[in-house]
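What follows is query20.cif (mmCIF, C-alpha atoms).
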data_my_file
#
loop_
_atom_site.label_atom_id
_atom_site.label_comp_id
_atom_site.auth_asym_id
_atom_site.auth_seq_id
_atom_site.Cartn_x
_atom_site.Cartn_y
_atom_site.Cartn_z
CA MET E 1 0.00 0.00 0.00
CA SER E 2 1.37 3.38 -0.98
CA ALA E 3 -0.72 5.53 1.36
CA THR E 4 0.91 6.74 4.54
CA PRO E 5 -0.28 4.66 7.55
CA PHE E 6 -2.67 6.58 9.75
CA ASP E 7 -0.33 6.48 12.74
CA GLN E 8 2.46 8.11 10.72
CA ARG E 9 0.64 11.10 9.29
CA ASP E 10 1.34 14.74 10.05
CA GLY E 11 -1.10 17.04 11.79
CA TRP E 12 -2.82 17.44 15.14
CA ILE E 13 -5.26 15.39 17.20
CA TRP E 14 -7.41 16.51 20.12
CA TYR E 15 -6.70 14.03 22.93
CA ASP E 16 -8.27 14.26 26.40
CA GLY E 17 -8.62 18.02 26.24
CA GLN E 18 -5.26 18.81 24.62
CA ILE E 19 -4.12 19.32 21.05
CA VAL E 20 -1.18 16.97 20.53
CA PRO E 21 1.05 16.19 17.53
CA TRP E 22 -0.55 13.48 15.37
CA LYS E 23 2.19 10.90 15.95
CA ASP E 24 2.02 11.37 19.74
CA ALA E 25 -1.67 10.44 20.04
CA LYS E 26 -1.10 6.96 21.49
CA LEU E 27 -2.71 4.57 23.97
CA HIS E 28 -1.38 1.57 25.87
CA VAL E 29 -1.70 -1.95 24.46
CA LEU E 30 -3.58 -2.98 27.64
CA SER E 31 -6.38 -0.48 27.13
CA HIS E 32 -9.77 -2.01 27.91
CA GLY E 33 -11.30 -0.61 24.73
CA LEU E 34 -8.90 -2.67 22.61
CA HIS E 35 -9.48 -5.97 24.43
CA TYR E 36 -13.18 -5.82 25.26
CA GLY E 37 -14.67 -3.50 22.66
CA SER E 38 -15.57 -0.77 25.18
CA SER E 39 -15.26 1.95 22.57
CA VAL E 40 -17.68 4.17 20.65
CA PHE E 41 -17.05 6.52 17.76
CA GLU E 42 -18.53 8.84 15.17
CA GLY E 43 -17.82 9.51 11.50
CA GLU E 44 -18.45 13.08 10.41
CA ARG E 45 -17.65 15.34 7.50
CA ALA E 46 -16.85 19.00 7.16
CA TYR E 47 -17.85 20.81 4.01
CA GLY E 48 -16.45 24.26 3.34
CA GLY E 49 -15.10 24.41 6.87
CA GLU E 50 -18.38 23.53 8.62
CA ILE E 51 -19.10 20.14 10.22
CA PHE E 52 -22.42 18.79 8.98
CA LYS E 53 -24.84 18.14 11.86
CA SER E 54 -21.98 18.26 14.36
CA THR E 55 -24.21 18.50 17.42
CA GLU E 56 -26.32 15.50 16.38
CA HIS E 57 -23.13 13.46 16.06
CA SER E 58 -21.87 14.63 19.46
CA GLU E 59 -25.20 13.78 21.08
CA ARG E 60 -25.11 10.32 19.53
CA LEU E 61 -21.53 9.79 20.71
CA LYS E 62 -22.58 10.59 24.28
CA LYS E 63 -25.63 8.34 24.00
CA SER E 64 -23.59 5.47 22.57
CA ALA E 65 -21.22 5.67 25.53
CA GLN E 66 -24.11 5.65 27.98
CA ILE E 67 -25.52 2.53 26.31
CA LEU E 68 -22.11 0.91 26.85
CA ASP E 69 -22.29 1.98 30.53
CA PHE E 70 -19.78 4.80 30.59
CA GLU E 71 -19.97 8.57 30.56
CA ILE E 72 -17.78 10.71 28.32
CA PRO E 73 -16.40 13.44 30.62
CA TYR E 74 -17.18 16.28 28.20
CA THR E 75 -20.44 18.01 27.33
CA VAL E 76 -21.92 18.02 23.85
CA ALA E 77 -20.92 21.69 23.51
CA GLU E 78 -17.34 20.88 24.55
CA ILE E 79 -17.14 18.05 22.01
CA ASP E 80 -18.50 20.34 19.29
CA ALA E 81 -15.87 22.95 20.17
CA ALA E 82 -13.09 20.36 20.21
CA LYS E 83 -14.05 19.21 16.70
CA ARG E 84 -13.97 22.78 15.42
CA LEU E 85 -10.58 23.28 17.08
CA VAL E 86 -8.93 20.23 15.53
CA LEU E 87 -10.34 21.12 12.11
CA GLU E 88 -8.95 24.64 12.44
CA LYS E 89 -5.60 23.44 13.80
CA ASN E 90 -5.20 21.09 10.83
CA GLY E 91 -6.18 23.88 8.42
CA GLN E 92 -8.89 21.78 6.78
CA ARG E 93 -12.18 22.70 5.14
CA ASP E 94 -13.33 19.53 3.37
CA ALA E 95 -12.46 16.78 5.82
CA TYR E 96 -13.51 13.63 7.64
CA LEU E 97 -13.63 13.73 11.45
CA ARG E 98 -13.34 10.73 13.76
CA PRO E 99 -14.22 11.27 17.45
CA VAL E 100 -13.59 8.11 19.48
CA ALA E 101 -14.09 7.36 23.19
CA TRP E 102 -12.86 4.31 25.08
CA ARG E 103 -12.13 2.79 28.46
CA GLY E 104 -8.49 3.04 29.49
CA SER E 105 -6.03 0.69 31.18
CA GLU E 106 -6.61 1.01 34.93
CA MET E 107 -8.39 -2.38 35.10
CA MET E 108 -7.84 -5.33 32.75
CA GLY E 109 -10.78 -7.70 32.91
CA VAL E 110 -14.39 -7.81 31.80
CA ALA E 111 -15.33 -5.47 34.66
CA ALA E 112 -13.74 -2.04 34.37
CA GLN E 113 -15.73 0.35 36.50
CA ASP E 114 -12.67 2.37 37.56
CA ASN E 115 -11.12 2.82 34.14
CA ARG E 116 -10.58 6.35 32.89
CA ILE E 117 -12.70 7.34 29.92
CA HIS E 118 -10.66 8.84 27.09
CA LEU E 119 -11.79 10.92 24.14
CA ALA E 120 -9.82 11.72 21.01
CA ILE E 121 -10.77 13.56 17.83
CA ALA E 122 -8.85 13.34 14.55
CA SER E 123 -9.51 14.89 11.15
CA TRP E 124 -8.07 14.34 7.72
CA GLU E 125 -8.60 15.71 4.24
CA TRP E 126 -11.54 14.28 2.33
CA PRO E 127 -12.60 16.37 -0.67
CA SER E 128 -16.34 16.57 -1.25
CA TYR E 129 -16.08 16.75 -5.02
CA PHE E 130 -17.05 13.80 -7.20
CA ASP E 131 -18.09 13.07 -10.78
CA PRO E 132 -21.90 12.66 -10.70
CA ALA E 133 -21.92 10.85 -14.04
CA GLN E 134 -19.44 8.25 -12.81
CA LYS E 135 -21.28 7.85 -9.51
CA MET E 136 -24.61 7.33 -11.28
CA LYS E 137 -23.31 4.09 -12.80
CA GLY E 138 -23.91 2.53 -9.40
CA ILE E 139 -21.82 0.24 -7.20
CA ARG E 140 -22.02 -3.55 -6.97
CA ILE E 141 -22.95 -5.13 -3.64
CA ASP E 142 -22.67 -8.75 -2.48
CA MET E 143 -24.84 -10.56 0.05
CA ALA E 144 -23.16 -10.88 3.45
CA GLU E 145 -22.84 -14.14 5.35
CA TYR E 146 -23.23 -12.58 8.80
CA ARG E 147 -26.47 -10.99 9.98
CA ARG E 148 -27.17 -8.03 12.22
CA PRO E 149 -27.87 -9.40 15.72
CA ASP E 150 -31.14 -9.41 17.62
CA PRO E 151 -31.26 -6.11 19.58
CA ALA E 152 -31.92 -8.24 22.68
CA THR E 153 -28.39 -9.64 22.28
CA ALA E 154 -26.34 -6.55 21.35
CA PRO E 155 -26.52 -2.77 21.93
CA SER E 156 -27.59 -2.05 18.36
CA ALA E 157 -28.58 1.57 19.06
CA ALA E 158 -24.96 2.45 19.88
CA LYS E 159 -22.26 3.24 17.34
CA ALA E 160 -20.02 0.80 19.19
CA ALA E 161 -16.72 -0.38 17.75
CA GLY E 162 -17.42 -4.03 18.54
CA LEU E 163 -20.53 -4.11 16.36
CA TYR E 164 -18.35 -3.48 13.30
CA MET E 165 -16.36 -6.71 13.61
CA ILE E 166 -18.77 -8.64 11.38
CA CYS E 167 -18.94 -5.65 9.04
CA THR E 168 -15.19 -5.79 8.44
CA ILE E 169 -15.35 -9.54 7.79
CA SER E 170 -18.27 -9.09 5.38
CA LYS E 171 -16.73 -6.19 3.49
CA HIS E 172 -13.42 -8.02 3.07
CA LYS E 173 -15.20 -11.06 1.61
CA ALA E 174 -17.19 -8.85 -0.75
CA GLU E 175 -14.15 -6.93 -1.95
CA ARG E 176 -12.23 -10.14 -2.63
CA LYS E 177 -15.06 -11.10 -4.98
CA GLY E 178 -14.95 -7.75 -6.77
CA TYR E 179 -17.87 -6.05 -5.00
CA ALA E 180 -17.78 -2.65 -3.29
CA ASP E 181 -19.75 -3.67 -0.20
CA ALA E 182 -22.08 -6.30 1.26
CA LEU E 183 -25.76 -6.21 2.21
CA MET E 184 -26.50 -7.65 5.63
CA LEU E 185 -29.79 -9.20 6.67
CA ASP E 186 -31.08 -9.04 10.24
CA TRP E 187 -31.34 -11.99 12.60
CA GLN E 188 -34.75 -12.86 11.14
CA GLY E 189 -33.56 -12.84 7.53
CA ARG E 190 -34.93 -9.42 6.59
CA VAL E 191 -32.98 -6.72 4.75
CA ALA E 192 -31.04 -4.60 7.24
CA GLU E 193 -28.10 -2.47 6.02
CA CYS E 194 -24.71 -2.55 4.33
CA THR E 195 -21.49 -2.86 6.33
CA GLY E 196 -21.26 0.87 6.98
CA ALA E 197 -24.27 2.42 5.29
CA ASN E 198 -28.06 2.32 5.30
CA VAL E 199 -29.93 1.10 2.23
CA PHE E 200 -32.92 2.47 0.30
CA PHE E 201 -35.03 1.14 -2.57
CA ILE E 202 -37.41 2.85 -5.00
CA ARG E 203 -40.52 1.41 -6.65
CA ASP E 204 -43.39 3.25 -8.35
CA GLY E 205 -42.18 6.62 -7.11
CA VAL E 206 -42.01 5.54 -3.45
CA VAL E 207 -38.84 5.26 -1.35
CA HIS E 208 -38.62 2.14 0.83
CA THR E 209 -36.08 1.54 3.61
CA PRO E 210 -35.81 -1.03 6.44
CA ILE E 211 -36.94 -0.08 9.94
CA ALA E 212 -33.82 0.80 11.94
CA ASP E 213 -34.48 -1.22 15.08
CA CYS E 214 -31.55 -3.66 15.01
CA PHE E 215 -28.97 -1.43 13.34
CA LEU E 216 -27.93 2.20 13.54
CA ASP E 217 -30.47 4.82 12.49
CA GLY E 218 -27.93 6.84 10.53
CA ILE E 219 -27.84 10.62 10.63
CA THR E 220 -27.43 10.61 6.84
CA ARG E 221 -30.35 8.17 6.65
CA ARG E 222 -32.61 10.55 8.56
CA THR E 223 -31.41 13.49 6.47
CA VAL E 224 -32.25 11.72 3.21
CA ILE E 225 -35.68 10.70 4.50
CA ASP E 226 -36.36 14.36 5.28
CA LEU E 227 -35.12 15.42 1.83
CA ALA E 228 -37.35 12.84 0.14
CA LYS E 229 -40.38 14.08 2.05
CA ARG E 230 -39.54 17.68 1.14
CA ARG E 231 -39.65 16.60 -2.49
CA GLY E 232 -43.06 15.06 -1.95
CA PHE E 233 -41.76 11.54 -2.41
CA GLY E 234 -43.57 8.83 -0.50
CA VAL E 235 -41.36 7.19 2.14
CA GLU E 236 -42.09 3.83 3.74
CA GLU E 237 -39.98 2.55 6.63
CA ARG E 238 -40.91 -1.11 6.80
CA ARG E 239 -39.80 -4.74 6.85
CA ILE E 240 -38.26 -5.74 3.53
CA MET E 241 -37.59 -9.35 2.61
CA PRO E 242 -34.70 -10.29 0.29
CA GLU E 243 -37.05 -11.79 -2.29
CA GLU E 244 -38.63 -8.33 -2.71
CA LEU E 245 -35.44 -6.92 -4.19
CA SER E 246 -36.42 -8.02 -7.70
CA SER E 247 -39.45 -5.69 -7.56
CA PHE E 248 -37.48 -2.47 -6.99
CA ASN E 249 -36.28 -0.24 -9.83
CA GLU E 250 -33.66 1.83 -8.01
CA CYS E 251 -31.41 1.35 -5.00
CA PHE E 252 -28.96 3.57 -3.15
CA ILE E 253 -27.02 3.59 0.10
CA THR E 254 -26.43 6.44 2.54
CA GLY E 255 -23.78 7.29 5.11
CA THR E 256 -21.25 9.94 6.09
CA ALA E 257 -18.66 8.41 3.77
CA ALA E 258 -21.08 7.15 1.10
CA GLU E 259 -23.27 10.29 1.16
CA VAL E 260 -25.91 9.13 -1.37
CA THR E 261 -24.42 6.42 -3.60
CA PRO E 262 -26.47 4.64 -6.29
CA VAL E 263 -26.39 0.83 -6.47
CA SER E 264 -26.51 -1.13 -9.73
CA GLU E 265 -26.68 -4.64 -8.28
CA ILE E 266 -27.02 -6.62 -5.07
CA GLY E 267 -26.03 -10.23 -5.61
CA SER E 268 -28.28 -11.51 -8.42
CA TYR E 269 -30.59 -8.48 -8.32
CA ARG E 270 -30.15 -5.57 -10.76
CA PHE E 271 -31.14 -1.93 -10.43
CA GLN E 272 -31.04 1.05 -12.75
CA PRO E 273 -29.98 4.28 -11.01
CA GLY E 274 -32.61 6.78 -12.07
CA ASN E 275 -34.03 10.24 -11.63
CA MET E 276 -35.23 9.93 -8.04
CA THR E 277 -31.83 8.70 -6.92
CA ARG E 278 -30.14 11.50 -8.83
CA VAL E 279 -32.44 14.12 -7.29
CA LEU E 280 -31.77 12.88 -3.75
CA MET E 281 -28.04 12.72 -4.44
CA GLU E 282 -28.08 16.32 -5.66
CA ASP E 283 -30.33 17.48 -2.81
CA TYR E 284 -28.00 15.91 -0.26
CA SER E 285 -24.96 17.55 -1.87
CA ALA E 286 -26.71 20.90 -1.54
CA GLU E 287 -27.89 20.20 2.01
CA VAL E 288 -24.41 19.57 3.41
CA GLN E 289 -22.96 22.82 2.10
CA PRO E 290 -22.65 25.76 4.51
CA ARG E 291 -25.86 27.75 4.44
CA SER E 292 -24.21 30.87 2.98
CA LYS E 293 -22.99 28.82 0.00
CA ALA E 294 -26.13 26.77 -0.51
CA ALA E 295 -28.40 29.82 -0.46
#
Kindly present the structure from the file in structure tokens form.
Amino acid sequence: MSATPFDQRDGWIWYDGQIVPWKDAKLHVLSHGLHYGSSVFEGERAYGGEIFKSTEHSERLKKSAQILDFEIPYTVAEIDAAKRLVLEKNGQRDAYLRPVAWRGSEMMGVAAQDNRIHLAIASWEWPSYFDPAQKMKGIRIDMAEYRRPDPATAPSAAKAAGLYMICTISKHKAERKGYADALMLDWQGRVAECTGANVFFIRDGVVHTPIADCFLDGITRRTVIDLAKRRGFGVEERRIMPEELSSFNECFITGTAAEVTPVSEIGSYRFQPGNMTRVLMEDYSAEVQPRSKAA
């Protein structure tokens, strides 16, 4: 790989209340978050120097930690300010931000009530420009082997690091077969989400998307639902079975990284990215821009 490893890059990271040189932002190998998955994170993007829905992300980060039974020792306002600071310190305008919180190394065992809670925030360049014509060709998605777990068995409402283990496995398998991502079903065999993005389908002018009750209700997902309703599109959040996929005309995925990305195929099912997908892709691109520019 030619890209510089993430631990060797230049820049600054906000770490437990201090701005530190990028390469100095380290943690001990016996940190609880590494061994037991007691870590939560967010993925956010800045467009034109402004972080899109920053406060919603900070609120979700705090909530995710609470679900995992720990409290991040900073307020939502302090986290918002820290993100702005690291973005400014790194001199970035179009960037990806990664806040992450985890249990430290004071106790090493399943129980870790006395461990210090750490918070770090990094940012790196991620241009927001893309070729719409190329994107409208759509990506190819495989069917994943693993399923999203029953919410009675895992904290599915949290953006918890441990919940992404099966996502990494599934995405690796898909990429080895030439696909861009994998579609995961839920524990009952219904359509759920991709490995790091929510999924939408279109049929007869109506947008359909799975109910987010065993996977993360993405901030981008909610934004796109609002945009669709603004356009007067019908939106149905409902149970979707895999065999229904053949009845849909269009498909797209949403997420901080994916934004709105058309899909051309999922396994044996084919879709034709069309006008409704294009409109929502364009509306989202306009929505994320700073208000002064979008006006």
Matched chain/residue IDs from the PyMOL selection byres ((chain E and resi 274-283) around 10), as a PyMOL selection string: chain E and resi 132-133+135-137+200-202+205-207+224-225+227-228+231+233+249-254+259-263+271-273+284-288
Using the chain letters and numbering of this document, enumerate as a ChimeraX atom specification the residues selected by the PyMOL selection byres ((chain E and resi 160) around 10). /E:37-42,61,64-65,67-68,100-102,154-159,161-164,216
Rounded to one decimal in Å, what is the spacing between atom CA of E:Phe6 and atom CA of E:Ser58?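 These two atoms are separated by 23.0 Å.
This file, queried with the PyMOL selection byres ((chain E and resi 94) around 10), gives the residues Arg45, Ala46, Tyr47, Gly48, Gly49, Glu50, Ile51, Leu87, Gly91, Gln92, Arg93, Ala95, Tyr96, Leu97, Ser123, Trp124, Glu125, Trp126, Pro127, Ser128 and Tyr129 of chain E.
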Which protein, DNA or RNA residues are at most 7 Å from (-7.7, 18.4, 18.7) in the file's coordinates when you count all atoms listed in the file, listed as a PyMOL selection string? chain E and resi 12-15+18-20+82-83+85-86+121-122
I'd like the neighbourhood of stretch 169-181 of chain E as an mmCIF file with C-alpha atoms, in the coordinates of the input, where a residue qualifies if any of its atoms comes within 12 Å (using all atoms listed in the file), though same-chain residues fewer than 6 positions away should be ignored.
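Generated output (part_25.cif):
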data_model
loop_
_atom_site.group_PDB
_atom_site.id
_atom_site.type_symbol
_atom_site.label_atom_id
_atom_site.label_comp_id
_atom_site.auth_asym_id
_atom_site.auth_seq_id
_atom_site.Cartn_x
_atom_site.Cartn_y
_atom_site.Cartn_z
ATOM 1 C CA GLY E 138 -23.910 2.530 -9.400
ATOM 2 C CA ILE E 139 -21.820 0.240 -7.200
ATOM 3 C CA ARG E 140 -22.020 -3.550 -6.970
ATOM 4 C CA ILE E 141 -22.950 -5.130 -3.640
ATOM 5 C CA ASP E 142 -22.670 -8.750 -2.480
ATOM 6 C CA MET E 143 -24.840 -10.560 0.050
ATOM 7 C CA ALA E 144 -23.160 -10.880 3.450
ATOM 8 C CA GLU E 145 -22.840 -14.140 5.350
ATOM 9 C CA TYR E 146 -23.230 -12.580 8.800
ATOM 10 C CA ARG E 147 -26.470 -10.990 9.980
ATOM 11 C CA ARG E 148 -27.170 -8.030 12.220
ATOM 12 C CA LEU E 163 -20.530 -4.110 16.360
ATOM 13 C CA GLU E 193 -28.100 -2.470 6.020
ATOM 14 C CA CYS E 194 -24.710 -2.550 4.330
ATOM 15 C CA THR E 195 -21.490 -2.860 6.330
ATOM 16 C CA GLY E 196 -21.260 0.870 6.980
ATOM 17 C CA ALA E 197 -24.270 2.420 5.290
ATOM 18 C CA ASN E 198 -28.060 2.320 5.300
ATOM 19 C CA VAL E 199 -29.930 1.100 2.230
ATOM 20 C CA ILE E 253 -27.020 3.590 0.100
ATOM 21 C CA ALA E 258 -21.080 7.150 1.100
ATOM 22 C CA THR E 261 -24.420 6.420 -3.600
ATOM 23 C CA PRO E 262 -26.470 4.640 -6.290
ATOM 24 C CA VAL E 263 -26.390 0.830 -6.470
ATOM 25 C CA SER E 264 -26.510 -1.130 -9.730
ATOM 26 C CA GLU E 265 -26.680 -4.640 -8.280
ATOM 27 C CA ILE E 266 -27.020 -6.620 -5.070
ATOM 28 C CA GLY E 267 -26.030 -10.230 -5.610
#
I need the residue nearest E:Pro73 from this list: E:Asp226, E:Gln113, E:His118, E:Glu59. Use all atoms listed in the file for the distance.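 Going through E:Asp226, E:Gln113, E:His118, E:Glu59 one by one, the smallest distance to E:Pro73 is for E:His118.
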Let me make sure I understand: among E:Thr168, E:Thr220, E:Thr4, E:Ser247, which one has the smallest atom-to-atom distance to E:Asp204 if we use all atoms listed in the file? E:Ser247
Kindly give the distance, in Å, that separates atom CA of E:Pro242 and atom CA of E:Leu185, rounded to a single decimal.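 Distance between the two atoms: 8.1 Å.
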Find the residues around stretch 151-153 of chain E up to 9 Å (all atoms listed in the file counted), leave out those fewer than 4 positions away in its own chain, and share them as a list in words. Ala157, Asp213, Cys214 and Phe215 of chain E
Any chance you could export the current selection's C-alpha atoms as a compact mmCIF listing (two decimals), in the frame of the given file?
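The result, written out as part_13.txt:
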# COMPACT_ATOMS: atom_id res chain seq x y z
CA ALA E 157 -28.58 1.57 19.06
CA ASP E 213 -34.48 -1.22 15.08
CA CYS E 214 -31.55 -3.66 15.01
CA PHE E 215 -28.97 -1.43 13.34
For a cutoff of 8 Å around the file-coordinate point (-18.6, -8.1, 29.3), which residues qualify once you count all atoms listed in the file? I'd like the result as a PyMOL selection string. chain E and resi 36+110-111
So what do you get for atom CA of E:Gly189 versus atom CA of E:Glu243, distance-wise?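 Between atom CA of E:Gly189 and atom CA of E:Glu243 the gap is 10.5 Å.
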Residue among E:Leu119, E:Lys23, E:Met107, E:Gly17 lying closest to E:Pro5, counting only C-alpha atoms: E:Lys23
Check the smallest atom-to-atom distance from each of E:Ile117, E:Leu183, E:Leu245, E:Ala25 to E:Asp7 using only C-alpha atoms, then report the winner. E:Ala25
Of the candidates E:Gly218, E:Asp114, E:Gln134, E:Arg60, which one gets nearest to E:Pro99 if we count all atoms listed in the file?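 Of all the options, E:Arg60 lies closest to E:Pro99.
For E:His28, the residues within 12 Å (counting only C-alpha atoms, excluding itself and residues fewer than 2 positions away along the chain) are Ala25, Lys26, Leu30, Ser31, His32, Gly33, Leu34, His35, Trp102, Arg103, Gly104, Ser105, Glu106, Met108 and His118 of chain E.
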Write stretch 189-218 of chain E as a PDB file, keeping the file's coordinate frame, completed to N, CA and C atoms.
ATOM      1  N   GLY E 189     -33.648 -12.663   8.976  1.00  0.00           N
ATOM      2  CA  GLY E 189     -33.560 -12.840   7.530  1.00  0.00           C
ATOM      3  C   GLY E 189     -34.141 -11.726   6.699  1.00  0.00           C
ATOM      4  N   ARG E 190     -34.394 -10.562   7.316  1.00  0.00           N
ATOM      5  CA  ARG E 190     -34.930  -9.420   6.590  1.00  0.00           C
ATOM      6  C   ARG E 190     -33.790  -8.469   6.209  1.00  0.00           C
ATOM      7  N   VAL E 191     -33.988  -7.671   5.174  1.00  0.00           N
ATOM      8  CA  VAL E 191     -32.980  -6.720   4.750  1.00  0.00           C
ATOM      9  C   VAL E 191     -32.694  -5.734   5.882  1.00  0.00           C
ATOM     10  N   ALA E 192     -31.415  -5.509   6.155  1.00  0.00           N
ATOM     11  CA  ALA E 192     -31.040  -4.600   7.240  1.00  0.00           C
ATOM     12  C   ALA E 192     -30.252  -3.395   6.706  1.00  0.00           C
ATOM     13  N   GLU E 193     -28.968  -3.581   6.424  1.00  0.00           N
ATOM     14  CA  GLU E 193     -28.100  -2.470   6.020  1.00  0.00           C
ATOM     15  C   GLU E 193     -26.857  -3.034   5.350  1.00  0.00           C
ATOM     16  N   CYS E 194     -26.024  -2.143   4.815  1.00  0.00           N
ATOM     17  CA  CYS E 194     -24.710  -2.550   4.330  1.00  0.00           C
ATOM     18  C   CYS E 194     -23.734  -2.497   5.496  1.00  0.00           C
ATOM     19  N   THR E 195     -22.454  -2.747   5.232  1.00  0.00           N
ATOM     20  CA  THR E 195     -21.490  -2.860   6.330  1.00  0.00           C
ATOM     21  C   THR E 195     -21.228  -1.528   7.035  1.00  0.00           C
ATOM     22  N   GLY E 196     -21.454  -0.424   6.338  1.00  0.00           N
ATOM     23  CA  GLY E 196     -21.260   0.870   6.980  1.00  0.00           C
ATOM     24  C   GLY E 196     -22.190   1.929   6.431  1.00  0.00           C
ATOM     25  N   ALA E 197     -23.326   1.485   5.900  1.00  0.00           N
ATOM     26  CA  ALA E 197     -24.270   2.420   5.290  1.00  0.00           C
ATOM     27  C   ALA E 197     -25.674   1.844   5.329  1.00  0.00           C
ATOM     28  N   ASN E 198     -26.653   2.732   5.368  1.00  0.00           N
ATOM     29  CA  ASN E 198     -28.060   2.320   5.300  1.00  0.00           C
ATOM     30  C   ASN E 198     -28.457   2.161   3.833  1.00  0.00           C
ATOM     31  N   VAL E 199     -29.528   1.405   3.597  1.00  0.00           N
ATOM     32  CA  VAL E 199     -29.930   1.100   2.230  1.00  0.00           C
ATOM     33  C   VAL E 199     -31.367   1.535   1.960  1.00  0.00           C
ATOM     34  N   PHE E 200     -31.602   2.012   0.742  1.00  0.00           N
ATOM     35  CA  PHE E 200     -32.920   2.470   0.300  1.00  0.00           C
ATOM     36  C   PHE E 200     -33.252   1.852  -1.047  1.00  0.00           C
ATOM     37  N   PHE E 201     -34.541   1.671  -1.300  1.00  0.00           N
ATOM     38  CA  PHE E 201     -35.030   1.140  -2.570  1.00  0.00           C
ATOM     39  C   PHE E 201     -36.146   2.036  -3.080  1.00  0.00           C
ATOM     40  N   ILE E 202     -36.348   2.035  -4.394  1.00  0.00           N
ATOM     41  CA  ILE E 202     -37.410   2.850  -5.000  1.00  0.00           C
ATOM     42  C   ILE E 202     -38.252   1.973  -5.917  1.00  0.00           C
ATOM     43  N   ARG E 203     -39.574   2.113  -5.795  1.00  0.00           N
ATOM     44  CA  ARG E 203     -40.520   1.410  -6.650  1.00  0.00           C
ATOM     45  C   ARG E 203     -41.758   2.271  -6.820  1.00  0.00           C
ATOM     46  N   ASP E 204     -42.170   2.481  -8.057  1.00  0.00           N
ATOM     47  CA  ASP E 204     -43.390   3.250  -8.350  1.00  0.00           C
ATOM     48  C   ASP E 204     -43.398   4.605  -7.663  1.00  0.00           C
ATOM     49  N   GLY E 205     -42.252   5.284  -7.663  1.00  0.00           N
ATOM     50  CA  GLY E 205     -42.180   6.620  -7.110  1.00  0.00           C
ATOM     51  C   GLY E 205     -42.160   6.708  -5.600  1.00  0.00           C
ATOM     52  N   VAL E 206     -42.027   5.567  -4.915  1.00  0.00           N
ATOM     53  CA  VAL E 206     -42.010   5.540  -3.450  1.00  0.00           C
ATOM     54  C   VAL E 206     -40.657   5.012  -2.969  1.00  0.00           C
ATOM     55  N   VAL E 207     -40.118   5.662  -1.943  1.00  0.00           N
ATOM     56  CA  VAL E 207     -38.840   5.260  -1.350  1.00  0.00           C
ATOM     57  C   VAL E 207     -39.118   4.294  -0.200  1.00  0.00           C
ATOM     58  N   HIS E 208     -38.455   3.152  -0.208  1.00  0.00           N
ATOM     59  CA  HIS E 208     -38.620   2.140   0.830  1.00  0.00           C
ATOM     60  C   HIS E 208     -37.279   1.932   1.540  1.00  0.00           C
ATOM     61  N   THR E 209     -37.310   1.792   2.856  1.00  0.00           N
ATOM     62  CA  THR E 209     -36.080   1.540   3.610  1.00  0.00           C
ATOM     63  C   THR E 209     -36.418   0.705   4.846  1.00  0.00           C
ATOM     64  N   PRO E 210     -35.527  -0.192   5.263  1.00  0.00           N
ATOM     65  CA  PRO E 210     -35.810  -1.030   6.440  1.00  0.00           C
ATOM     66  C   PRO E 210     -35.966  -0.208   7.716  1.00  0.00           C
ATOM     67  N   ILE E 211     -36.784  -0.691   8.625  1.00  0.00           N
ATOM     68  CA  ILE E 211     -36.940  -0.080   9.940  1.00  0.00           C
ATOM     69  C   ILE E 211     -35.628  -0.253  10.711  1.00  0.00           C
ATOM     70  N   ALA E 212     -35.118   0.841  11.262  1.00  0.00           N
ATOM     71  CA  ALA E 212     -33.820   0.800  11.940  1.00  0.00           C
ATOM     72  C   ALA E 212     -33.999   0.452  13.416  1.00  0.00           C
ATOM     73  N   ASP E 213     -34.309  -0.817  13.682  1.00  0.00           N
ATOM     74  CA  ASP E 213     -34.480  -1.220  15.080  1.00  0.00           C
ATOM     75  C   ASP E 213     -33.479  -2.287  15.520  1.00  0.00           C
ATOM     76  N   CYS E 214     -32.611  -2.736  14.611  1.00  0.00           N
ATOM     77  CA  CYS E 214     -31.550  -3.660  15.010  1.00  0.00           C
ATOM     78  C   CYS E 214     -30.221  -3.239  14.405  1.00  0.00           C
ATOM     79  N   PHE E 215     -30.199  -2.022  13.864  1.00  0.00           N
ATOM     80  CA  PHE E 215     -28.970  -1.430  13.340  1.00  0.00           C
ATOM     81  C   PHE E 215     -29.086   0.076  13.504  1.00  0.00           C
ATOM     82  N   LEU E 216     -27.992   0.774  13.252  1.00  0.00           N
ATOM     83  CA  LEU E 216     -27.930   2.200  13.540  1.00  0.00           C
ATOM     84  C   LEU E 216     -28.849   3.012  12.621  1.00  0.00           C
ATOM     85  N   ASP E 217     -29.626   3.879  13.229  1.00  0.00           N
ATOM     86  CA  ASP E 217     -30.470   4.820  12.490  1.00  0.00           C
ATOM     87  C   ASP E 217     -29.577   5.990  12.093  1.00  0.00           C
ATOM     88  N   GLY E 218     -28.954   5.878  10.929  1.00  0.00           N
ATOM     89  CA  GLY E 218     -27.930   6.840  10.530  1.00  0.00           C
ATOM     90  C   GLY E 218     -28.414   8.275  10.436  1.00  0.00           C
TER      91      GLY E 218
END
